[in-house]
Every structure is written in structure tokens, then in C-alpha cells.
$ cat my_file-v9.csv   # CSV, C-alpha atoms and all ligand atoms
chain,number,residue,atom,x,y,z
A,1,MET,CA,117.2,140.5,61.2
A,2,GLY,CA,116.5,140.0,57.5
A,3,ILE,CA,116.1,143.0,55.1
A,4,ASP,CA,115.3,143.0,51.4
A,5,VAL,CA,116.2,146.1,49.5
A,6,GLY,CA,114.0,146.3,46.4
A,7,ALA,CA,113.7,149.0,43.7
A,8,THR,CA,110.5,150.3,45.3
A,9,THR,CA,110.2,148.8,48.8
A,10,ILE,CA,112.6,148.0,51.6
A,11,ALA,CA,111.2,145.3,53.7
A,12,GLY,CA,112.7,144.1,57.0
A,13,GLY,CA,111.7,141.6,59.6
A,14,LEU,CA,112.8,139.7,62.7
A,15,VAL,CA,113.3,136.0,61.8
A,16,THR,CA,113.6,133.2,64.3
A,17,GLY,CA,116.2,130.4,64.0
A,18,ALA,CA,113.3,128.2,62.7
A,19,GLY,CA,112.6,130.7,59.9
A,20,ASP,CA,109.4,132.2,61.3
A,21,VAL,CA,109.1,135.9,60.4
A,22,LEU,CA,107.9,137.8,63.5
A,23,GLU,CA,108.0,141.5,62.9
A,24,VAL,CA,107.6,143.1,59.5
A,25,LEU,CA,108.4,146.7,58.6
A,26,GLN,CA,108.2,148.1,55.1
A,27,ALA,CA,109.2,151.5,53.7
A,28,PRO,CA,109.3,153.0,50.2
A,29,THR,CA,113.0,152.7,49.1
A,30,HIS,CA,113.2,156.4,48.1
A,31,ARG,CA,110.8,157.9,50.6
A,32,HIS,CA,113.2,160.8,51.3
A,33,GLY,CA,113.7,161.4,47.5
A,34,PRO,CA,116.0,160.0,44.8
A,35,GLY,CA,119.3,158.5,46.0
A,36,THR,CA,118.2,158.0,49.6
A,37,ALA,CA,117.9,154.2,49.8
A,38,VAL,CA,120.8,153.9,52.3
A,39,GLU,CA,119.1,156.4,54.6
A,40,THR,CA,115.8,154.4,54.5
A,41,LEU,CA,117.7,151.1,55.0
A,42,PHE,CA,119.4,152.5,58.2
A,43,GLU,CA,116.0,153.7,59.5
A,44,VAL,CA,114.5,150.2,58.9
A,45,VAL,CA,117.4,148.7,60.8
A,46,ASP,CA,117.1,151.2,63.7
A,47,ASP,CA,113.3,150.7,63.9
A,48,LEU,CA,113.7,146.9,64.0
A,49,LEU,CA,116.3,147.2,66.8
A,50,VAL,CA,113.7,149.2,68.8
A,51,LYS,CA,111.1,146.6,68.1
A,52,THR,CA,113.5,143.8,69.2
A,53,ALA,CA,114.1,145.5,72.6
A,54,GLY,CA,110.6,144.8,73.7
A,55,THR,CA,110.4,141.2,72.6
A,56,GLY,CA,113.1,139.6,74.8
A,57,LEU,CA,114.6,138.1,71.6
A,58,THR,CA,118.4,138.1,71.1
A,59,LEU,CA,119.6,139.3,67.7
A,60,THR,CA,122.3,137.1,66.1
A,61,GLY,CA,123.0,139.4,63.2
A,62,VAL,CA,121.7,141.4,60.3
A,63,GLY,CA,121.4,140.1,56.7
A,64,VAL,CA,120.6,142.3,53.7
A,65,GLY,CA,119.6,141.2,50.2
A,66,VAL,CA,120.3,143.9,47.5
A,67,PRO,CA,119.4,143.9,43.8
A,68,GLY,CA,122.9,143.6,42.4
A,69,ALA,CA,126.1,141.5,42.2
A,70,ILE,CA,128.5,141.8,45.2
A,71,ASP,CA,132.2,142.0,44.6
A,72,PRO,CA,133.6,139.2,46.7
A,73,GLU,CA,136.9,140.9,47.2
A,74,LYS,CA,135.6,144.3,48.3
A,75,GLY,CA,132.2,143.2,49.7
A,76,VAL,CA,130.5,146.1,47.8
A,77,MET,CA,127.7,146.0,45.3
A,78,VAL,CA,128.8,146.4,41.7
A,79,LYS,CA,126.8,149.0,39.8
A,80,PRO,CA,125.4,147.6,36.5
A,81,PRO,CA,124.0,150.1,33.9
A,82,HIS,CA,120.5,151.4,34.5
A,83,HIS,CA,120.4,150.3,38.1
A,84,PRO,CA,117.2,151.2,40.1
A,85,VAL,CA,119.1,151.8,43.3
A,86,PRO,CA,122.5,153.0,42.2
A,87,GLU,CA,123.3,154.6,45.5
A,88,LEU,CA,123.9,151.2,47.1
A,89,ALA,CA,126.9,150.6,44.9
A,90,ASP,CA,130.5,150.9,46.1
A,91,LEU,CA,129.5,151.1,49.8
A,92,ARG,CA,130.7,148.7,52.5
A,93,LEU,CA,127.1,148.4,53.7
A,94,GLY,CA,127.8,145.3,55.9
A,95,GLU,CA,130.5,147.1,57.8
A,96,GLN,CA,128.4,150.2,58.2
A,97,ILE,CA,125.4,148.3,59.6
A,98,SER,CA,127.7,146.3,61.8
A,99,THR,CA,129.2,149.5,63.3
A,100,ARG,CA,125.7,151.0,63.7
A,101,THR,CA,124.2,147.9,65.5
A,102,GLY,CA,127.2,146.2,67.1
A,103,LEU,CA,126.1,143.0,65.4
A,104,PRO,CA,127.6,140.9,62.6
A,105,ALA,CA,126.1,142.1,59.3
A,106,PHE,CA,126.2,140.6,55.8
A,107,VAL,CA,125.1,141.8,52.4
A,108,ASP,CA,124.5,139.6,49.4
A,109,ASN,CA,122.7,139.6,46.1
A,110,ASP,CA,118.9,139.3,46.7
A,111,ALA,CA,118.5,136.1,44.7
A,112,ASN,CA,121.5,134.5,46.5
A,113,ALA,CA,119.7,135.4,49.8
A,114,LEU,CA,116.4,133.8,48.5
A,115,ALA,CA,118.3,130.6,47.6
A,116,LEU,CA,119.9,130.5,51.1
A,117,GLY,CA,116.4,131.0,52.6
A,118,GLU,CA,115.0,128.1,50.6
A,119,SER,CA,117.9,125.8,51.4
A,120,THR,CA,117.9,126.7,55.1
A,121,PHE,CA,114.2,126.9,55.9
A,122,GLY,CA,112.2,126.1,52.7
A,123,LEU,CA,111.7,123.8,49.8
A,124,ALA,CA,115.3,122.9,49.4
A,125,ARG,CA,116.0,122.1,53.0
A,126,GLY,CA,118.2,119.1,53.2
A,127,ALA,CA,119.2,119.2,49.5
A,128,ALA,CA,122.9,119.6,48.7
A,129,SER,CA,122.3,121.6,45.5
A,130,LEU,CA,119.7,124.2,44.4
A,131,VAL,CA,119.3,126.6,41.6
A,132,LEU,CA,116.8,129.4,42.2
A,133,LEU,CA,115.4,131.7,39.5
A,134,ALA,CA,113.8,134.9,40.8
A,135,VAL,CA,111.6,136.0,37.9
A,136,GLY,CA,110.5,139.6,38.6
A,137,THR,CA,111.0,142.9,36.8
A,138,ASN,CA,114.3,141.4,35.8
A,139,ILE,CA,115.5,137.9,36.4
A,140,GLY,CA,118.0,137.0,39.2
A,141,GLY,CA,119.4,133.7,40.1
A,142,GLY,CA,121.0,131.9,43.0
A,143,ILE,CA,123.1,128.7,42.9
A,144,ILE,CA,123.9,126.6,45.9
A,145,HIS,CA,126.3,123.7,45.3
A,146,ASP,CA,127.4,121.2,47.9
A,147,GLY,CA,126.0,123.6,50.5
A,148,ARG,CA,127.9,126.7,49.3
A,149,VAL,CA,126.6,129.7,47.5
A,150,VAL,CA,128.2,130.0,44.1
A,151,ARG,CA,129.2,133.7,44.0
A,152,GLY,CA,131.6,133.3,41.2
A,153,HIS,CA,135.1,134.8,40.7
A,154,ALA,CA,133.8,138.4,40.4
A,155,GLY,CA,130.4,138.1,42.1
A,156,PHE,CA,128.3,137.4,39.0
A,157,GLY,CA,127.7,133.7,39.8
A,158,GLY,CA,124.0,132.8,39.3
A,159,GLU,CA,123.2,135.7,36.9
A,160,LEU,CA,121.0,133.2,35.0
A,161,GLY,CA,118.7,135.9,33.6
A,162,HIS,CA,121.5,137.0,31.4
A,163,VAL,CA,122.3,133.6,30.0
A,164,PRO,CA,121.5,133.9,26.2
A,165,ILE,CA,118.9,131.5,25.0
A,166,ASN,CA,118.7,133.0,21.5
A,167,PHE,CA,122.0,134.0,19.8
A,168,ASP,CA,120.0,136.1,17.3
A,169,GLY,CA,117.9,137.7,20.0
A,170,PRO,CA,117.3,141.4,20.9
A,171,ALA,CA,120.0,143.4,22.7
A,172,CYS,CA,119.8,143.3,26.5
A,173,PHE,CA,120.9,146.1,28.9
A,174,CYS,CA,123.7,143.8,30.2
A,175,GLY,CA,125.5,144.2,26.9
A,176,GLY,CA,124.6,140.8,25.6
A,177,LYS,CA,121.7,139.7,23.4
A,178,GLY,CA,118.9,137.1,23.5
A,179,CYS,CA,119.1,136.8,27.3
A,180,LEU,CA,116.4,134.8,29.1
A,181,GLY,CA,115.3,138.1,30.7
A,182,MET,CA,114.4,139.5,27.3
A,183,TYR,CA,111.7,136.9,27.0
A,184,LEU,CA,110.5,136.3,30.5
A,185,GLY,CA,111.4,139.3,32.6
A,186,GLY,CA,108.4,141.3,33.7
A,187,ALA,CA,109.7,144.7,32.5
A,188,GLN,CA,110.7,143.4,29.1
A,189,MET,CA,107.4,141.5,28.6
A,190,ALA,CA,105.5,144.7,29.3
A,191,LEU,CA,107.6,146.7,26.9
A,192,GLU,CA,107.4,144.1,24.2
A,193,ALA,CA,103.6,143.8,24.5
A,194,ARG,CA,103.2,147.5,24.1
A,195,ARG,CA,105.4,147.4,21.0
A,196,ARG,CA,103.5,144.5,19.5
A,197,ILE,CA,99.9,145.6,19.9
A,198,ASP,CA,97.9,147.7,17.5
A,199,PRO,CA,96.6,150.5,19.7
A,200,LEU,CA,93.8,151.2,17.2
A,201,ARG,CA,92.3,147.6,17.3
A,202,SER,CA,90.4,146.2,20.2
A,203,SER,CA,92.1,143.3,21.9
A,204,ALA,CA,91.9,141.4,25.2
A,205,LEU,CA,95.4,142.7,26.0
A,206,LEU,CA,94.3,146.3,25.7
A,207,THR,CA,91.0,145.8,27.4
A,208,LEU,CA,92.6,144.1,30.4
A,209,ALA,CA,94.9,147.2,30.6
A,210,GLY,CA,91.9,149.5,30.8
A,211,GLY,CA,92.4,150.6,27.2
A,212,GLU,CA,95.9,152.1,28.0
A,213,ALA,CA,98.8,150.4,26.3
A,214,SER,CA,101.1,152.1,28.9
A,215,ALA,CA,99.3,150.2,31.6
A,216,ILE,CA,100.1,146.7,30.2
A,217,THR,CA,102.2,144.6,32.6
A,218,SER,CA,103.5,141.1,32.4
A,219,THR,CA,100.5,140.0,34.5
A,220,THR,CA,98.2,141.5,31.8
A,221,VAL,CA,100.1,139.6,29.1
A,222,PHE,CA,99.6,136.3,30.9
A,223,GLU,CA,95.9,137.0,31.6
A,224,ALA,CA,95.3,138.1,28.0
A,225,ALA,CA,96.9,134.9,26.8
A,226,ARG,CA,94.5,132.9,28.8
A,227,ALA,CA,91.7,134.9,27.2
A,228,GLY,CA,93.0,133.9,23.8
A,229,ASP,CA,94.6,137.2,22.7
A,230,PRO,CA,96.9,136.2,19.8
A,231,VAL,CA,99.7,138.7,20.6
A,232,ALA,CA,99.7,137.7,24.3
A,233,ARG,CA,99.6,134.0,23.4
A,234,ALA,CA,102.6,134.2,21.2
A,235,MET,CA,104.5,136.1,23.9
A,236,VAL,CA,103.6,133.6,26.6
A,237,GLU,CA,104.6,130.7,24.3
A,238,GLU,CA,108.0,132.4,23.7
A,239,ALA,CA,108.4,133.0,27.4
A,240,CYS,CA,107.7,129.4,28.4
A,241,GLU,CA,110.0,128.1,25.6
A,242,ALA,CA,112.7,130.4,26.8
A,243,LEU,CA,112.3,129.2,30.4
A,244,GLY,CA,112.2,125.6,29.2
A,245,ALA,CA,115.5,126.0,27.3
A,246,SER,CA,117.1,127.8,30.3
A,247,LEU,CA,116.0,125.1,32.7
A,248,GLY,CA,117.4,122.5,30.2
A,249,GLY,CA,120.7,124.4,30.4
A,250,ILE,CA,120.6,124.5,34.2
A,251,VAL,CA,119.8,120.8,34.5
A,252,ASN,CA,122.5,119.7,32.0
A,253,GLY,CA,125.1,122.2,33.3
A,254,MET,CA,124.7,121.8,37.0
A,255,ASN,CA,122.5,118.8,37.6
A,256,PRO,CA,121.0,120.3,40.8
A,257,GLU,CA,118.8,118.4,43.2
A,258,VAL,CA,116.2,121.1,43.4
A,259,VAL,CA,115.2,124.0,41.1
A,260,ILE,CA,112.9,126.7,42.4
A,261,ILE,CA,111.3,129.3,40.1
A,262,THR,CA,110.0,132.2,42.2
A,263,GLY,CA,109.6,136.0,42.1
A,264,GLY,CA,106.8,138.3,41.1
A,265,VAL,CA,106.1,136.6,37.8
A,266,ALA,CA,105.9,133.1,39.3
A,267,GLU,CA,102.2,133.4,40.1
A,268,SER,CA,101.5,133.9,36.4
A,269,LEU,CA,103.7,130.9,35.6
A,270,LEU,CA,102.1,128.5,38.1
A,271,PRO,CA,99.1,127.6,35.9
A,272,LEU,CA,101.5,126.8,33.1
A,273,GLU,CA,103.7,124.5,35.1
A,274,THR,CA,102.8,121.3,33.2
A,275,ASP,CA,103.5,123.0,29.9
A,276,ILE,CA,106.8,124.4,31.1
A,277,LEU,CA,108.0,121.0,32.4
A,278,GLN,CA,107.1,119.4,29.1
A,279,ARG,CA,109.3,122.0,27.3
A,280,VAL,CA,112.2,121.3,29.7
A,281,ARG,CA,112.1,117.7,28.6
A,282,ARG,CA,112.9,118.8,25.1
A,283,TYR,CA,116.2,120.4,26.2
A,284,ALA,CA,117.4,118.4,29.2
A,285,TYR,CA,119.2,115.1,29.6
A,286,ALA,CA,116.3,112.8,30.6
A,287,PRO,CA,118.2,110.9,33.4
A,288,ALA,CA,119.4,114.2,34.9
A,289,LEU,CA,116.0,115.8,34.7
A,290,SER,CA,114.2,112.8,36.2
A,291,ASN,CA,116.4,113.3,39.4
A,292,THR,CA,115.7,117.1,39.6
A,293,ARG,CA,112.8,118.5,41.6
A,294,ILE,CA,111.4,121.6,39.9
A,295,SER,CA,108.9,123.8,41.7
A,296,ILE,CA,107.2,127.1,40.9
A,297,VAL,CA,106.6,129.1,44.0
A,298,PRO,CA,104.8,132.5,44.2
A,299,THR,CA,106.7,134.8,46.4
A,300,ASP,CA,106.2,137.4,49.0
A,301,LYS,CA,108.4,139.8,51.0
A,302,ARG,CA,108.5,137.4,54.0
A,303,ARG,CA,110.3,134.9,51.8
A,304,SER,CA,112.9,137.6,51.0
A,305,MET,CA,113.4,138.6,54.6
A,306,ARG,CA,113.7,134.9,55.6
A,307,GLY,CA,116.4,134.6,52.9
A,308,ALA,CA,118.3,137.6,54.2
A,309,ALA,CA,118.2,136.2,57.7
A,310,ALA,CA,119.4,132.8,56.4
A,311,LEU,CA,122.4,134.7,55.0
A,312,VAL,CA,123.4,135.5,58.6
A,313,LEU,CA,123.2,131.9,59.7
A,314,TYR,CA,125.1,130.8,56.6
A,315,GLU,CA,128.0,133.4,57.0
A,316,LEU,CA,128.3,132.8,60.8
A,317,GLY,CA,128.4,129.1,60.2
A,318,HIS,CA,131.1,129.3,57.6
A,319,ARG,CA,133.1,131.9,59.5
A,320,GLY,CA,133.0,129.6,62.5
A,321,ARG,CA,134.2,126.7,60.4
A,322,ARG,CA,137.1,128.8,59.0
A,323,GLU,CA,138.2,130.0,62.5
A,324,ALA,CA,138.0,126.5,64.0
B,401,ZN,ZN,121.3,140.3,29.5
$ encode --input "my_file-v9.csv" --output "C-alpha cells"
Amino acid sequence: MGIDVGATTIAGGLVTGAGDVLEVLQAPTHRHGPGTAVETLFEVVDDLLVKTAGTGLTLTGVGVGVPGAIDPEKGVMVKPPHHPVPELADLRLGEQISTRTGLPAFVDNDANALALGESTFGLARGAASLVLLAVGTNIGGGIIHDGRVVRGHAGFGGELGHVPINFDGPACFCGGKGCLGMYLGGAQMALEARRRIDPLRSSALLTLAGGEASAITSTTVFEAARAGDPVARAMVEEACEALGASLGGIVNGMNPEVVIITGGVAESLLPLETDILQRVRRYAYAPALSNTRISIVPTDKRRSMRGAAALVLYELGHRGRREA
């Protein structure tokens, strides 16, 4: 069972050992009101157990991806400032789900789960090292090195959205400044576009948002840039350059075999792939880059569920090895 807990939706599915997603359930994260994500999560788990009963399938375990860093000592989500699902923090969710279901249950950062999904079933299958960037509202990251997830000393391994790419850049909610997420994260792009446009002048950016500045999203910014809007073009140029510099840092710092850029903004980045790869060349060691496979992959909830299910296989595999 693979479950993805997002800020707005909890999506759960039954995933086969080959990575096929069979059953899919989705529920609004806060359908019972603010602070009720854990209740919804347990309901999705229970509903999937009921669905499993009729299929003749045997459940191996439950994997859950959550939008936050996991403290490796305590196994609980660390609550960063302004978190969309703060009620998930400081709970031993894995233990609670395990008690509820009688199955092994594991919780990890959602981008770590996505990276495990890609290395177990997807584009990085067979590769020893992978760096995944999940570009959505904010930017998450997952690193797999020599087949192990790099969780870091305090669980913040792979927080690549908060690696500064401009030491003079704007303040970020993480406490730093000039982070990649300030230039490429969906929420920040939307805010910045609303700040930069002149609401009294007609522009493609405003027209695409139906004349309402508050309706501008990162998707609108990318569309308006394609239509030649100067504000949007400047922002997309900055976003691509920021991504290019970040990928240069990733390639030079970790020399991974595969890099995957996914998440809700990936669809908008896909038509810019050639441009982005050209920018990476300006920042990365050429011989390291020439041996790195970089892919931009639009995402969907199934990919996240598959990732959470891959977490179960990963943890059971490693536990087995430790016990042997
Ligand atoms: Zn930051």
C-alpha cells in the first residue's frame, strides 16, 4: 500500500511488486476540517484494507510519503515554519499505522519516496545513484547514492530546494536567502508575478489569469512567457537559469548517474528542456555532465503512490539485510 499525503489531497493505492498501481483512493487532506489530516490518512488506510480483502492480494506493508523531513532518530516528521499539514509533525505515524493494520509501515519524506519509486520501478531502475527534484508548490529533493537514500544526519538530506543559488537573493521561509525555491517553486513564482505586474496595464499574464492578478499561477507565468509577455519571460528566464545552476551544483557535487526533475511544475518545464540543459553546461564539469542522464518527467499521483510503496520494499530489504 502506497500513500501520498499532500497539502490538499491524500492519495493511496495498492501497488504490485512490479510497480503497477491497481486501486486508487483520493480524499481531501482536511475533509473533516483543519488539523484532521491524520484522521483522513487512517480512513484511507482502512478503506484500502477493505478493498484489498476482495482482491486476493497479499499486503506486504504500508508506505507513506509526507511533505516534510523525517527525524531519523525519532522517526517523526519535523515541523518547519508555515507547514501546510502541521498536525503530521511529532507523531510516530509508522508505528500507529503498523498497530492499526498489523503490517510493517514506514513513513518518509515525499521526495525521498518519489526517488525510491523511480529507482525501484521507473527511470532510474538499475542506476546506482539518482538525484530527484520535485518541483511543485515548493521544491523537494531526494538523493539515492550507492542504492541508499541519503536522509542526512538530521533528516534534511536532499532539501535541494533550499540550496542557495543567489547569495544576494530574497529571504526564504527556511530562514536562508536566494534558495532555488525562490525562483522556481510554484508558490513563489505566482507571488512574484503578482508583485511584478502592473494591474492597470493589459498583459498576456493578466489576460491568461482572467484579468485577476490573484488568479496567476506558475502555469500562467510559463504560458504568458510563451506568448511573449515581458514580465513572464524575465521570470521564466530566471527560473531556468536558477535550475541550470542548481543542476550544475548537483552534477559537480554528487556526480549522479541519473537526475529526474518532476513535480507539478515539470509539465511547464518540459518544452524548455533544451534551453535548461544548455544552461546546465555553463555550470557543470563537462565530463561529469556528459555521464549524467537528466530527464524532465511530468508527474501524477500514481507516481507518488508507487514511490511510497517502493519505500516498503526498500525498508524491508534493508531490514532483512541488517537482521541477516
Ligand atoms: Zn529556503
$ residues_around --input "my_file-v9.csv" --residues "Val62 of chain A" --least-positions-apart "4" --cutoff "8 Å" --atoms "all atoms listed in the file" --output "PDB file with C-alpha atoms, in the frame of the given file"
ATOM      1  CA  MET A   1     117.200 140.500  61.200  1.00  0.00           C
ATOM      2  CA  GLY A   2     116.500 140.000  57.500  1.00  0.00           C
ATOM      3  CA  ILE A   3     116.100 143.000  55.100  1.00  0.00           C
ATOM      4  CA  ILE A  97     125.400 148.300  59.600  1.00  0.00           C
ATOM      5  CA  SER A  98     127.700 146.300  61.800  1.00  0.00           C
ATOM      6  CA  LEU A 103     126.100 143.000  65.400  1.00  0.00           C
ATOM      7  CA  PRO A 104     127.600 140.900  62.600  1.00  0.00           C
ATOM      8  CA  ALA A 105     126.100 142.100  59.300  1.00  0.00           C
ATOM      9  CA  PHE A 106     126.200 140.600  55.800  1.00  0.00           C
ATOM     10  CA  ALA A 308     118.300 137.600  54.200  1.00  0.00           C
ATOM     11  CA  ALA A 309     118.200 136.200  57.700  1.00  0.00           C
ATOM     12  CA  VAL A 312     123.400 135.500  58.600  1.00  0.00           C
TER      13      VAL A 312
END
$ closest_atom_pairs --input "my_file-v9.csv" --of "chain A" --to "ligand ZN 401 (chain B)" --cutoff "10 Å" --atoms "only C-alpha atoms and all ligand atoms" --output "CSV"
residue,atom,partner,partner_atom,distance
A:Asn138,CA,B:ZN401,ZN,9.5
A:Ile139,CA,B:ZN401,ZN,9.3
A:Glu159,CA,B:ZN401,ZN,8.9
A:Leu160,CA,B:ZN401,ZN,9.0
A:Gly161,CA,B:ZN401,ZN,6.6
A:His162,CA,B:ZN401,ZN,3.8
A:Val163,CA,B:ZN401,ZN,6.8
A:Pro164,CA,B:ZN401,ZN,7.2
A:Pro170,CA,B:ZN401,ZN,9.5
A:Ala171,CA,B:ZN401,ZN,7.6
A:Cys172,CA,B:ZN401,ZN,4.5
A:Phe173,CA,B:ZN401,ZN,5.8
A:Cys174,CA,B:ZN401,ZN,4.3
A:Gly175,CA,B:ZN401,ZN,6.3
A:Gly176,CA,B:ZN401,ZN,5.1
A:Lys177,CA,B:ZN401,ZN,6.1
A:Gly178,CA,B:ZN401,ZN,7.2
A:Cys179,CA,B:ZN401,ZN,4.7
A:Leu180,CA,B:ZN401,ZN,7.4
A:Gly181,CA,B:ZN401,ZN,6.5
A:Met182,CA,B:ZN401,ZN,7.3
$ closest_atom_pairs --input "my_file-v9.csv" --of "segment 123-211 of chain A" --to "segment 265-284 of chain A" --cutoff "8 Å" --atoms "all atoms listed in the file" --output "JSON lines"
{"residue": "A:Val135", "atom": "CA", "partner": "A:Val265", "partner_atom": "CA", "distance": 5.5}
{"residue": "A:Gly136", "atom": "CA", "partner": "A:Val265", "partner_atom": "CA", "distance": 5.4}
{"residue": "A:Gly185", "atom": "CA", "partner": "A:Val265", "partner_atom": "CA", "distance": 7.9}
{"residue": "A:Gly186", "atom": "CA", "partner": "A:Val265", "partner_atom": "CA", "distance": 6.6}
$ residues_around --input "my_file-v9.csv" --residues "Ala27 of chain A" --least-positions-apart "2" --cutoff "10 Å" --atoms "only C-alpha atoms" --output "VMD selection string"
chain A and resid 5 8 to 12 25 29 to 31 37 40 to 41 43 to 44
$ closest_residue --input "my_file-v9.csv" --among "A:Arg293, A:Arg194, A:Arg148, A:Arg100" --to "Thr217 of chain A" --atoms "only C-alpha atoms"
A:Arg194
$ atom_distance --input "my_file-v9.csv" --atom1 "atom CA of Ala225 of chain A" --atom2 "atom CA of Gly244 of chain A"
18.1 Å
